[in-house]
Amino acid sequence: MIRAIRGQERKMTLRTGGTSFRMDLRAVSMVLILGLVSVAGIIANVGYGEYPIAPLDVLRTVFGVEAGDGNYDFIVNTLRLPRALVAFLVGLALGISGAILQGLTRNPLAAPDIVGINAGAGLAAVTCIVLLPSFPSSLLPPVAFGGAFAVAVLLYLLAWRGSSSPLRLILIGIGLGAIATALTTTMIVFGEIFEVTKALVWLTGSVYGRTWEQVWPLLPWLVVFVPLSFALSRNLNALNLGEEVARSLGSRIEVERGMLLLCSVALAAAAVATAGTIGFVGLIAPHIARRLVGPSHGGLLPTSAMTGGALVVLADLVGRVSFGAVEIPCGIVTAAIGAPFFLYLLYRNRNK
Amino acid sequence: MRFLRSRYALLLGLLIGSGALFLCLLASVRFGAAQIGTLEVIEAFTDYDGSEEDLIIRTLRVPRALIAALVGAALGVAGALMQGLTRNPLADPGILGIEAGAALAVVGAVFFLGISSLSTYALFAFVGAGTTAVVVYGLGSLGRGGMSPMKITIAGAAMAAFLGSMTTAMLILNQRTLDEIRFWLAGSVAGRDLGLLLQVLPYILVGLLLALALGRQVTTLTLGDDVATGLGQQTVWVKVGAAVSVVLLAGSAVAVAGPVGFVGLVVPHLVRFFVGVDYRWILPYSILVGAILLVSADVAARLVLRPQELPLGVMTALVGAPFFIYLARWRVKR
């Protein structure tokens, strides 16, 4: 039941029994708008290709209504839809992961790439691609996930000293990431040029050829950790005010920090394992979201998630459309369209 | 947090650091593909007779060692200045887009013009780095109040990602370019000669002097713009001066050695563990530590996989990161 809508702040409080839930209306509308953009992007993505399908037919086919000729079902539901969904889900996960990390560390440069998670995944995957030329690409996601997980465990072991400290965590993450990146670079420099190109595409991040086989393993991570992140987002606000303030506001800092970190790492690792080390989304989606809905994490996390999803979906579309037969990996396009948009936002808000 | 407390300890530390740097340089000249003894190194200077060893020492080994030292010093100081300027412990010269700009310019030159000489790479790299830095600084200074750490940091990160994606696009689309440039992109000082050294020397020296002259002001600036202004500082000029120094230093470094990552980020942290937060000490120590890290990494890069040579950018991370992790674990309290 909606209890109060205050005109100026446009906040809404839902209360049912003992629990209450406060929402920022601006964030709600932003999430809806970005969601619509994503859906439109997915539909366009599914419709576009060698065998074009009209948007309405796409929708019909997805919902199981017979449309056009009999091929639609195969093309849409087997070939194109999983790829578009992977793009959206990966962007969503990275958007949340980045927002949590930036909130936890209170550093605008924090992103999954900077704490070494991506580098670990990258090292594992590139090692397999370059050193084992016949390595099946369907096995890359578990391998990459293993790499990311190994770095996360190492990071935690090295950074934990009775209490965690965000700065120590980040610095150690940078160190681990640097080592992993250095080893990856060695492979890039000395490997066979054909395999190196393949490795580079993986490192850039691409959703090319992703099927339901990649969607299903990704889903459980999202189902668990996305709601958990949203539930914890309020604590992020308190932590963001600084350790002392958070503690005096009644935060159990260590527990909350640990849980949030777990969410961030799990989401980033799942995303990176699925689509390669797509950079930039985790960094920029929270910044874009902050400029759209302000810094309160209750609204920021969902908005950042949707921004990330929309960004990767649109990037994939642009990458497929822009150069005709040659497909640009979406990891390249995320930066190519995300950065100018972000700089525009920076320019528009220059006096704030 | 700081390790060296008194002024004398700090001065003594500088002296010891210089000694260590000298030893590293000596090792760099001594070790390599051709076996050369320490005595021969000395003789090459005191008693030059034009023998093969003397030639190797004077035209290959010494310039290479000096270039490694200069590049390390430049990157260390540039990183320290960037962290002071942006008040962000994660900042490095890459934040001004210097490495991304240089890489894009060089890869573009190879891709479109088919250029393949080290000195031309250097020219393109320097121009690319400078242009990007000016653009990023401009974007970070938009609006009222001029340059703010927050604005410049995220503008730089976005710009670097943007340029980096274009570089990657060229590399993925064209295997020949990738094959030609991948060693340069990992950073290296192999095959750099005296001519290149003399070309960048003036820029690096001016950059270093400018940085050292600004040490006191940068320390004040790290307390915040308001405090610095309140203390009578012309913050705009300090920021511009520091930025010019960063461009000269990091631009020259990337021109000579390619994008050697990690040094600019890590050296200031290593230094801060020993000398605290005063930039009058951080900057000279960064010169020494940066130079030592790069020279020793270069020696290791030559020795580990003989006769193959590892890229310098790989080795700096492998040498520096474990030490860095150790310090971060035991010295960062909060």
# chains A, B, ... in the order shown; residues from 1 in each chain; ligands from 1
>>> select_by_dssp(residues="segment 90-213 of chain B", states="helix (DSSP H, G or I)", output="PyMOL selection string")
chain B and resi 93-96+98-113+118-140+149-173+175-185+194-213
>>> closest_atom_pairs(of="chain A", to="chain B", cutoff="7 Å", atoms="only C-alpha atoms", output="JSON lines")
{"residue": "A:Leu158", "atom": "CA", "partner": "B:Arg329", "partner_atom": "CA", "distance": 6.6}
{"residue": "A:Ala159", "atom": "CA", "partner": "B:Arg329", "partner_atom": "CA", "distance": 6.1}
{"residue": "A:Ser165", "atom": "CA", "partner": "B:Arg334", "partner_atom": "CA", "distance": 5.2}
{"residue": "A:Leu167", "atom": "CA", "partner": "B:Arg334", "partner_atom": "CA", "distance": 6.9}
{"residue": "A:Arg168", "atom": "CA", "partner": "B:Val332", "partner_atom": "CA", "distance": 5.7}
{"residue": "A:Leu171", "atom": "CA", "partner": "B:Ala328", "partner_atom": "CA", "distance": 6.4}
{"residue": "A:Ile172", "atom": "CA", "partner": "B:Ile325", "partner_atom": "CA", "distance": 5.2}
{"residue": "A:Gly175", "atom": "CA", "partner": "B:Ala321", "partner_atom": "CA", "distance": 4.9}
{"residue": "A:Ala178", "atom": "CA", "partner": "B:Ala317", "partner_atom": "CA", "distance": 5.7}
{"residue": "A:Ile179", "atom": "CA", "partner": "B:Leu318", "partner_atom": "CA", "distance": 5.6}
{"residue": "A:Ala182", "atom": "CA", "partner": "B:Val314", "partner_atom": "CA", "distance": 4.4}
{"residue": "A:Leu183", "atom": "CA", "partner": "B:Val314", "partner_atom": "CA", "distance": 6.9}
{"residue": "A:Thr185", "atom": "CA", "partner": "B:Val314", "partner_atom": "CA", "distance": 6.8}
{"residue": "A:Thr186", "atom": "CA", "partner": "B:Val314", "partner_atom": "CA", "distance": 6.8}
{"residue": "A:Val189", "atom": "CA", "partner": "B:Phe183", "partner_atom": "CA", "distance": 5.7}
{"residue": "A:Ile193", "atom": "CA", "partner": "B:Asp179", "partner_atom": "CA", "distance": 6.4}
{"residue": "A:Thr197", "atom": "CA", "partner": "B:Ile172", "partner_atom": "CA", "distance": 6.1}
{"residue": "A:Val201", "atom": "CA", "partner": "B:Ile172", "partner_atom": "CA", "distance": 6.9}
{"residue": "A:Phe280", "atom": "CA", "partner": "B:Ala161", "partner_atom": "CA", "distance": 6.7}
{"residue": "A:Ile332", "atom": "CA", "partner": "B:Ser165", "partner_atom": "CA", "distance": 4.8}
{"residue": "A:Ala335", "atom": "CA", "partner": "B:Phe162", "partner_atom": "CA", "distance": 5.0}
{"residue": "A:Ala336", "atom": "CA", "partner": "B:Phe162", "partner_atom": "CA", "distance": 5.3}
{"residue": "A:Ala339", "atom": "CA", "partner": "B:Ala158", "partner_atom": "CA", "distance": 5.2}
{"residue": "A:Leu343", "atom": "CA", "partner": "B:Ala155", "partner_atom": "CA", "distance": 6.7}
{"residue": "A:Tyr347", "atom": "CA", "partner": "B:Leu142", "partner_atom": "CA", "distance": 6.9}
{"residue": "A:Arg350", "atom": "CA", "partner": "B:Gly143", "partner_atom": "CA", "distance": 4.7}
{"residue": "A:Asn351", "atom": "CA", "partner": "B:Gly143", "partner_atom": "CA", "distance": 5.0}
>>> residues_around(residues="Met306 of chain A", least_positions_apart="2", cutoff="10 Å", atoms="only C-alpha atoms", output="list in words")
Met30, Val31, Leu32, Ile33, Leu34, Gly35, Leu36, Val37, Ser38, Phe88, Leu89, Gly91, Leu92, Ala93, Gly95, Ile96, Ala285, Ala289, Leu300, Leu301, Pro302, Thr303, Ser304, Gly308, Gly309, Ala310 and Leu311 of chain A
>>> residues_around(residues="Thr220 of chain B", least_positions_apart="2", cutoff="12 Å", atoms="only C-alpha atoms", output="PyMOL selection string")
chain B and resi 84-85+87+214-218+222-235+238-239+277-280
>>> atom_distance(atom1="atom CA of Leu314 of chain A", atom2="atom CA of Thr277 of chain A")
17.4 Å
>>> residues_around(residues="Leu288 of chain B", least_positions_apart="5", cutoff="8 Å", atoms="only C-alpha atoms", output="PyMOL selection string")
chain B and resi 14+17-18+21+73
>>> residues_around(residues="Val143 of chain A", least_positions_apart="6", cutoff="9 Å", atoms="only C-alpha atoms", output="PyMOL selection string")
chain A and resi 121+124-125+128+273
>>> atom_distance(atom1="atom CA of Thr86 of chain B", atom2="atom CA of Ala103 of chain B")
23.0 Å
>>> residues_around(residues="segment 116-131 of chain B", least_positions_apart="6", cutoff="8 Å", atoms="only C-alpha atoms", output="MDAnalysis selection string")
chainID B and resid 97:106 109:110 180 192 196 247 251:252 254:256 258
>>> atom_distance(atom1="atom CA of Leu208 of chain B", atom2="atom CA of Leu26 of chain B")
23.2 Å
>>> closest_residue(among="B:Val71, B:Ala250, B:Leu55, B:Ile115", to="Val189 of chain B", atoms="only C-alpha atoms")
B:Val71
>>> closest_residue(among="B:Val77, B:Ile287, B:Val134, B:Ala68", to="Ala301 of chain B", atoms="only C-alpha atoms")
B:Ala68
